[in-house]
file protein_27.cif (mmCIF, N, CA, C and O atoms)
data_target
#
loop_
_atom_site.label_atom_id
_atom_site.label_comp_id
_atom_site.auth_asym_id
_atom_site.auth_seq_id
_atom_site.Cartn_x
_atom_site.Cartn_y
_atom_site.Cartn_z
N MET A 45 92.68 82.49 -183.63
CA MET A 45 93.95 81.84 -183.76
C MET A 45 94.64 82.26 -185.05
O MET A 45 95.84 82.42 -185.07
N LEU A 46 93.87 82.44 -186.10
CA LEU A 46 94.48 82.87 -187.36
C LEU A 46 95.15 84.22 -187.22
O LEU A 46 96.20 84.46 -187.83
N ARG A 47 94.59 85.11 -186.41
CA ARG A 47 95.23 86.41 -186.19
C ARG A 47 96.56 86.24 -185.47
O ARG A 47 97.52 86.96 -185.74
N ALA A 48 96.64 85.31 -184.54
CA ALA A 48 97.88 85.09 -183.79
C ALA A 48 98.97 84.51 -184.69
O ALA A 48 100.13 84.89 -184.59
N VAL A 49 98.61 83.63 -185.60
CA VAL A 49 99.59 82.97 -186.46
C VAL A 49 99.90 83.81 -187.70
O VAL A 49 101.05 83.92 -188.11
N GLY A 50 98.85 84.41 -188.28
CA GLY A 50 99.05 85.24 -189.48
C GLY A 50 99.82 84.52 -190.56
O GLY A 50 99.52 83.39 -190.90
N ASP A 51 100.85 85.16 -191.08
CA ASP A 51 101.67 84.54 -192.13
C ASP A 51 103.03 84.11 -191.58
O ASP A 51 104.03 84.09 -192.29
N ALA A 52 103.07 83.75 -190.29
CA ALA A 52 104.31 83.32 -189.65
C ALA A 52 104.84 82.06 -190.33
O ALA A 52 104.07 81.21 -190.77
N PRO A 53 106.18 81.92 -190.40
CA PRO A 53 106.73 80.69 -190.95
C PRO A 53 106.35 79.50 -190.07
O PRO A 53 106.17 79.64 -188.86
N TYR A 54 106.23 78.33 -190.68
CA TYR A 54 105.88 77.13 -189.93
C TYR A 54 106.60 75.93 -190.52
O TYR A 54 107.05 75.96 -191.67
N GLU A 55 106.74 74.90 -189.71
CA GLU A 55 107.35 73.65 -190.17
C GLU A 55 106.92 72.54 -189.23
O GLU A 55 106.48 72.80 -188.11
N ALA A 56 107.06 71.31 -189.69
CA ALA A 56 106.76 70.15 -188.86
C ALA A 56 108.03 69.75 -188.10
O ALA A 56 109.12 69.79 -188.66
N ASP A 57 107.86 69.38 -186.83
CA ASP A 57 109.01 68.92 -186.06
C ASP A 57 109.14 67.40 -186.20
O ASP A 57 108.42 66.78 -186.99
N GLU A 58 110.06 66.80 -185.44
CA GLU A 58 110.33 65.36 -185.56
C GLU A 58 109.14 64.50 -185.17
O GLU A 58 109.05 63.36 -185.58
N THR A 59 108.21 65.04 -184.37
CA THR A 59 107.02 64.28 -184.00
C THR A 59 105.83 64.61 -184.92
O THR A 59 104.72 64.22 -184.64
N ARG A 60 106.11 65.37 -185.98
CA ARG A 60 105.13 65.77 -186.99
C ARG A 60 104.10 66.76 -186.46
O ARG A 60 103.02 66.89 -187.02
N ASP A 61 104.44 67.46 -185.37
CA ASP A 61 103.62 68.57 -184.89
C ASP A 61 104.00 69.79 -185.72
O ASP A 61 105.17 70.02 -185.99
N ILE A 62 103.02 70.58 -186.10
CA ILE A 62 103.29 71.82 -186.82
C ILE A 62 103.63 72.89 -185.79
O ILE A 62 102.91 73.08 -184.82
N ARG A 63 104.72 73.58 -186.01
CA ARG A 63 105.16 74.67 -185.12
C ARG A 63 105.28 75.95 -185.93
O ARG A 63 105.70 75.93 -187.08
N PHE A 64 104.89 77.06 -185.30
CA PHE A 64 104.94 78.37 -185.92
C PHE A 64 106.01 79.20 -185.25
O PHE A 64 106.18 79.15 -184.04
N CYS A 65 106.75 79.98 -186.04
CA CYS A 65 107.79 80.84 -185.49
C CYS A 65 107.18 82.19 -185.16
O CYS A 65 106.80 82.96 -186.05
N LEU A 66 107.05 82.47 -183.85
CA LEU A 66 106.41 83.69 -183.38
C LEU A 66 107.29 84.37 -182.34
O LEU A 66 108.03 83.71 -181.62
N PRO A 67 107.21 85.69 -182.24
CA PRO A 67 108.00 86.38 -181.22
C PRO A 67 107.37 86.20 -179.83
O PRO A 67 106.16 86.17 -179.68
N ASP A 68 108.25 86.09 -178.81
CA ASP A 68 107.75 86.03 -177.44
C ASP A 68 107.65 87.46 -176.88
O ASP A 68 107.81 88.43 -177.62
N GLU A 69 107.41 87.58 -175.59
CA GLU A 69 107.23 88.89 -174.96
C GLU A 69 108.47 89.77 -175.09
O GLU A 69 108.38 90.99 -175.06
N ASP A 70 109.64 89.15 -175.21
CA ASP A 70 110.90 89.89 -175.32
C ASP A 70 111.33 90.11 -176.77
O ASP A 70 112.41 90.64 -177.02
N GLY A 71 110.51 89.67 -177.73
CA GLY A 71 110.83 89.85 -179.14
C GLY A 71 111.68 88.74 -179.73
O GLY A 71 112.00 88.78 -180.91
N ARG A 72 112.04 87.75 -178.91
CA ARG A 72 112.81 86.61 -179.44
C ARG A 72 111.88 85.65 -180.15
O ARG A 72 110.75 85.44 -179.74
N GLU A 73 112.39 85.04 -181.23
CA GLU A 73 111.57 84.08 -181.98
C GLU A 73 111.51 82.75 -181.24
O GLU A 73 112.51 82.28 -180.71
N ARG A 74 110.31 82.17 -181.20
CA ARG A 74 110.10 80.85 -180.60
C ARG A 74 109.25 80.02 -181.53
O ARG A 74 108.34 80.53 -182.17
N TRP A 75 109.55 78.74 -181.62
CA TRP A 75 108.76 77.81 -182.41
C TRP A 75 107.72 77.17 -181.50
O TRP A 75 108.07 76.47 -180.55
N LEU A 76 106.44 77.45 -181.76
CA LEU A 76 105.35 77.01 -180.88
C LEU A 76 104.28 76.22 -181.63
O LEU A 76 103.95 76.55 -182.78
N ARG A 77 103.72 75.21 -180.95
CA ARG A 77 102.53 74.54 -181.47
C ARG A 77 101.33 75.45 -181.21
O ARG A 77 101.39 76.34 -180.37
N LEU A 78 100.23 75.20 -181.89
CA LEU A 78 99.03 76.03 -181.69
C LEU A 78 98.59 76.05 -180.23
O LEU A 78 98.20 77.09 -179.71
N ASP A 79 98.67 74.91 -179.54
CA ASP A 79 98.22 74.87 -178.15
C ASP A 79 99.20 75.55 -177.20
O ASP A 79 98.91 75.70 -176.02
N GLU A 80 100.36 75.98 -177.67
CA GLU A 80 101.34 76.68 -176.85
C GLU A 80 101.30 78.20 -177.04
O GLU A 80 101.94 78.93 -176.30
N ILE A 81 100.56 78.67 -178.03
CA ILE A 81 100.51 80.10 -178.32
C ILE A 81 99.64 80.79 -177.27
O ILE A 81 98.48 80.45 -177.09
N PRO A 82 100.21 81.76 -176.54
CA PRO A 82 99.41 82.45 -175.53
C PRO A 82 98.33 83.32 -176.19
O PRO A 82 98.58 83.98 -177.19
N LEU A 83 97.15 83.27 -175.62
CA LEU A 83 96.04 84.07 -176.13
C LEU A 83 95.93 85.36 -175.33
O LEU A 83 96.21 85.38 -174.13
N PRO A 84 95.49 86.45 -175.98
CA PRO A 84 95.33 87.70 -175.24
C PRO A 84 94.23 87.56 -174.18
O PRO A 84 93.32 86.74 -174.31
N PRO A 85 94.30 88.36 -173.12
CA PRO A 85 93.31 88.27 -172.05
C PRO A 85 91.88 88.56 -172.51
O PRO A 85 90.93 88.16 -171.84
N THR A 86 91.71 89.23 -173.62
CA THR A 86 90.37 89.54 -174.11
C THR A 86 89.74 88.39 -174.90
O THR A 86 88.62 88.52 -175.39
N THR A 87 90.45 87.27 -175.03
CA THR A 87 89.92 86.13 -175.77
C THR A 87 88.74 85.55 -175.02
O THR A 87 88.85 85.24 -173.83
N PRO A 88 87.58 85.38 -175.68
CA PRO A 88 86.42 84.81 -174.99
C PRO A 88 86.67 83.35 -174.61
O PRO A 88 87.47 82.66 -175.23
N ALA A 89 85.97 82.90 -173.60
CA ALA A 89 86.08 81.51 -173.16
C ALA A 89 85.59 80.57 -174.25
O ALA A 89 84.78 80.95 -175.10
N ALA A 90 86.08 79.34 -174.22
CA ALA A 90 85.65 78.34 -175.20
C ALA A 90 84.17 78.04 -175.03
O ALA A 90 83.64 78.07 -173.92
N TRP A 91 83.50 77.75 -176.12
CA TRP A 91 82.10 77.38 -176.10
C TRP A 91 81.98 75.99 -175.48
O TRP A 91 82.73 75.10 -175.82
N PRO A 92 81.05 75.78 -174.54
CA PRO A 92 80.91 74.45 -173.93
C PRO A 92 80.53 73.41 -174.97
O PRO A 92 79.74 73.68 -175.87
N ARG A 93 81.10 72.24 -174.84
CA ARG A 93 80.81 71.16 -175.78
C ARG A 93 80.08 70.03 -175.07
O ARG A 93 80.34 69.75 -173.90
N ALA A 94 79.19 69.38 -175.78
CA ALA A 94 78.51 68.20 -175.28
C ALA A 94 79.26 66.99 -175.83
O ALA A 94 79.48 66.91 -177.04
N TYR A 95 79.67 66.09 -174.98
CA TYR A 95 80.41 64.93 -175.41
C TYR A 95 79.52 63.70 -175.43
O TYR A 95 78.74 63.48 -174.51
N ALA A 96 79.66 62.91 -176.48
CA ALA A 96 78.92 61.65 -176.56
C ALA A 96 79.64 60.60 -175.72
O ALA A 96 80.86 60.64 -175.58
N PRO A 97 78.92 59.66 -175.15
CA PRO A 97 79.56 58.59 -174.38
C PRO A 97 80.50 57.77 -175.27
O PRO A 97 80.30 57.69 -176.48
N ALA A 98 81.50 57.16 -174.68
CA ALA A 98 82.42 56.32 -175.43
C ALA A 98 81.65 55.21 -176.15
O ALA A 98 80.72 54.66 -175.60
N GLY A 99 82.02 54.93 -177.35
CA GLY A 99 81.32 53.90 -178.13
C GLY A 99 80.14 54.45 -178.92
O GLY A 99 79.55 53.74 -179.71
N GLY A 100 79.81 55.71 -178.71
CA GLY A 100 78.76 56.33 -179.48
C GLY A 100 77.34 55.93 -179.10
O GLY A 100 76.39 56.34 -179.72
N GLY A 101 77.19 55.12 -178.05
CA GLY A 101 75.85 54.70 -177.62
C GLY A 101 75.22 55.72 -176.70
O GLY A 101 75.78 56.75 -176.38
N SER A 102 74.04 55.43 -176.24
CA SER A 102 73.37 56.34 -175.31
C SER A 102 73.82 56.03 -173.88
O SER A 102 74.27 54.94 -173.57
N ALA A 103 73.67 57.01 -173.01
CA ALA A 103 74.14 56.86 -171.62
C ALA A 103 73.24 56.02 -170.79
O ALA A 103 72.13 55.82 -170.94
#
call {"tool": "encode", "arguments": {"input": "protein_27.cif", "output": "C-alpha cells"}}
result
Amino acid sequence: MLRAVGDAPYEADETRDIRFCLPDEDGRERWLRLDEIPLPPTTPAAWPRAYAPAGGGSA
C-alpha cells in the first residue's frame, strides 16, 4: 500500500477519512481512501485471520 500512495498529497475529508490524491487510469487526479485504491493484479491475497468470538470469551 505504501508503494501505491508514495508521497501523494493527502487530506482529511468532512467525515475525517484520509484521502490521497492519485491519478486514475486516464491520468486524472482522484481523491481516494485507502480502501478505494485499486491494487495491481499481482497483489497477493490477504493472509487469513482468526477472529475471536464477540466479548473475547471462548466459543
call {"tool": "atom_distance", "arguments": {"input": "protein_27.cif", "atom1": "atom O of Arg77 in chain A", "atom2": "atom N of Ala90 in chain A"}}
result
16.8 Å
call {"tool": "atom_distance", "arguments": {"input": "protein_27.cif", "atom1": "atom N of Leu83 in chain A", "atom2": "atom C of Ala48 in chain A"}}
result
9.3 Å
call {"tool": "atom_distance", "arguments": {"input": "protein_27.cif", "atom1": "atom N of Thr87 in chain A", "atom2": "atom C of Glu69 in chain A"}}
result
18.2 Å
call {"tool": "axis_aligned_box", "arguments": {"input": "protein_27.cif", "around": "range 62-81 of chain A", "padding_each_side": "5 Å", "output": "AutoDock Vina command-line options"}}
result
--center_x 105.5 --center_y 80.8 --center_z -181.0 --size_x 24.6 --size_y 30.4 --size_z 22.1
call {"tool": "resolve_selection", "arguments": {"input": "protein_27.cif", "expression": "the PyMOL selection byres ((chain A and resi 54) around 5)", "output": "PyMOL selection string"}}
result
chain A and resi 52-53+55-56+63-65
call {"tool": "select_by_dssp", "arguments": {"input": "protein_27.cif", "residues": "chain A", "states": "strand (DSSP E)", "output": "PyMOL selection string"}}
result
chain A and resi 54-56+62-67+73-76
call {"tool": "build_atoms", "arguments": {"input": "protein_27.cif", "residues": "range 71-82 of chain A", "atoms": "all heavy atoms", "output": "compact mmCIF listing (two decimals), in the coordinates of the input"}}
result
# COMPACT_ATOMS: atom_id res chain seq x y z
N GLY A 71 110.51 89.67 -177.73
CA GLY A 71 110.83 89.85 -179.14
C GLY A 71 111.68 88.74 -179.73
O GLY A 71 112.00 88.78 -180.91
N ARG A 72 112.04 87.75 -178.91
CA ARG A 72 112.81 86.61 -179.44
C ARG A 72 111.88 85.65 -180.15
O ARG A 72 110.75 85.44 -179.74
CB ARG A 72 113.53 85.88 -178.31
CG ARG A 72 114.61 86.71 -177.65
CD ARG A 72 115.20 85.96 -176.51
NE ARG A 72 114.13 85.81 -175.51
CZ ARG A 72 114.33 85.56 -174.24
NH1 ARG A 72 115.53 85.38 -173.78
NH2 ARG A 72 113.31 85.46 -173.39
N GLU A 73 112.39 85.04 -181.23
CA GLU A 73 111.57 84.08 -181.98
C GLU A 73 111.51 82.75 -181.24
O GLU A 73 112.51 82.28 -180.71
CB GLU A 73 112.15 83.87 -183.37
CG GLU A 73 112.02 85.09 -184.25
CD GLU A 73 112.53 84.83 -185.65
OE1 GLU A 73 113.28 83.87 -185.88
OE2 GLU A 73 112.17 85.63 -186.53
N ARG A 74 110.31 82.17 -181.20
CA ARG A 74 110.10 80.85 -180.60
C ARG A 74 109.25 80.02 -181.53
O ARG A 74 108.34 80.53 -182.17
CB ARG A 74 109.37 80.99 -179.26
CG ARG A 74 110.21 81.68 -178.21
CD ARG A 74 109.55 81.65 -176.86
NE ARG A 74 109.25 80.28 -176.47
CZ ARG A 74 108.27 79.97 -175.62
NH1 ARG A 74 107.52 80.89 -175.09
NH2 ARG A 74 108.04 78.71 -175.31
N TRP A 75 109.55 78.74 -181.62
CA TRP A 75 108.76 77.81 -182.41
C TRP A 75 107.72 77.17 -181.50
O TRP A 75 108.07 76.47 -180.55
CB TRP A 75 109.65 76.76 -183.05
CG TRP A 75 110.46 77.33 -184.16
CD1 TRP A 75 111.71 77.86 -184.06
CD2 TRP A 75 110.07 77.46 -185.52
NE1 TRP A 75 112.12 78.31 -185.29
CE2 TRP A 75 111.14 78.08 -186.21
CE3 TRP A 75 108.93 77.12 -186.23
CZ2 TRP A 75 111.09 78.35 -187.57
CZ3 TRP A 75 108.88 77.39 -187.59
CH2 TRP A 75 109.95 78.00 -188.25
N LEU A 76 106.44 77.45 -181.76
CA LEU A 76 105.35 77.01 -180.88
C LEU A 76 104.28 76.22 -181.63
O LEU A 76 103.95 76.55 -182.78
CB LEU A 76 104.68 78.23 -180.24
CG LEU A 76 105.57 79.17 -179.44
CD1 LEU A 76 104.82 80.45 -179.12
CD2 LEU A 76 106.03 78.49 -178.18
N ARG A 77 103.72 75.21 -180.95
CA ARG A 77 102.53 74.54 -181.47
C ARG A 77 101.33 75.45 -181.21
O ARG A 77 101.39 76.34 -180.37
CB ARG A 77 102.30 73.21 -180.75
CG ARG A 77 103.32 72.15 -181.03
CD ARG A 77 102.90 70.80 -180.40
NE ARG A 77 102.21 70.93 -179.15
CZ ARG A 77 102.74 70.64 -177.96
NH1 ARG A 77 103.98 70.21 -177.86
NH2 ARG A 77 102.03 70.78 -176.85
N LEU A 78 100.23 75.20 -181.89
CA LEU A 78 99.03 76.03 -181.69
C LEU A 78 98.59 76.05 -180.23
O LEU A 78 98.20 77.09 -179.71
CB LEU A 78 97.86 75.52 -182.55
CG LEU A 78 97.89 75.93 -184.02
CD1 LEU A 78 96.72 75.28 -184.75
CD2 LEU A 78 97.87 77.42 -184.18
N ASP A 79 98.67 74.91 -179.54
CA ASP A 79 98.22 74.87 -178.15
C ASP A 79 99.20 75.55 -177.20
O ASP A 79 98.91 75.70 -176.02
CB ASP A 79 97.94 73.44 -177.70
CG ASP A 79 99.17 72.56 -177.72
OD1 ASP A 79 100.00 72.69 -178.64
OD2 ASP A 79 99.31 71.73 -176.81
N GLU A 80 100.36 75.98 -177.67
CA GLU A 80 101.34 76.68 -176.85
C GLU A 80 101.30 78.20 -177.04
O GLU A 80 101.94 78.93 -176.30
CB GLU A 80 102.75 76.19 -177.17
CG GLU A 80 102.97 74.73 -176.88
CD GLU A 80 104.31 74.22 -177.36
OE1 GLU A 80 104.80 74.70 -178.39
OE2 GLU A 80 104.85 73.33 -176.69
N ILE A 81 100.56 78.67 -178.03
CA ILE A 81 100.51 80.10 -178.32
C ILE A 81 99.64 80.79 -177.27
O ILE A 81 98.48 80.45 -177.09
CB ILE A 81 99.95 80.37 -179.74
CG1 ILE A 81 100.88 79.73 -180.78
CG2 ILE A 81 99.77 81.85 -179.99
CD1 ILE A 81 100.32 79.76 -182.19
N PRO A 82 100.21 81.76 -176.54
CA PRO A 82 99.41 82.45 -175.53
C PRO A 82 98.33 83.32 -176.19
O PRO A 82 98.58 83.98 -177.19
CB PRO A 82 100.42 83.31 -174.78
CG PRO A 82 101.62 83.39 -175.64
CD PRO A 82 101.58 82.23 -176.60
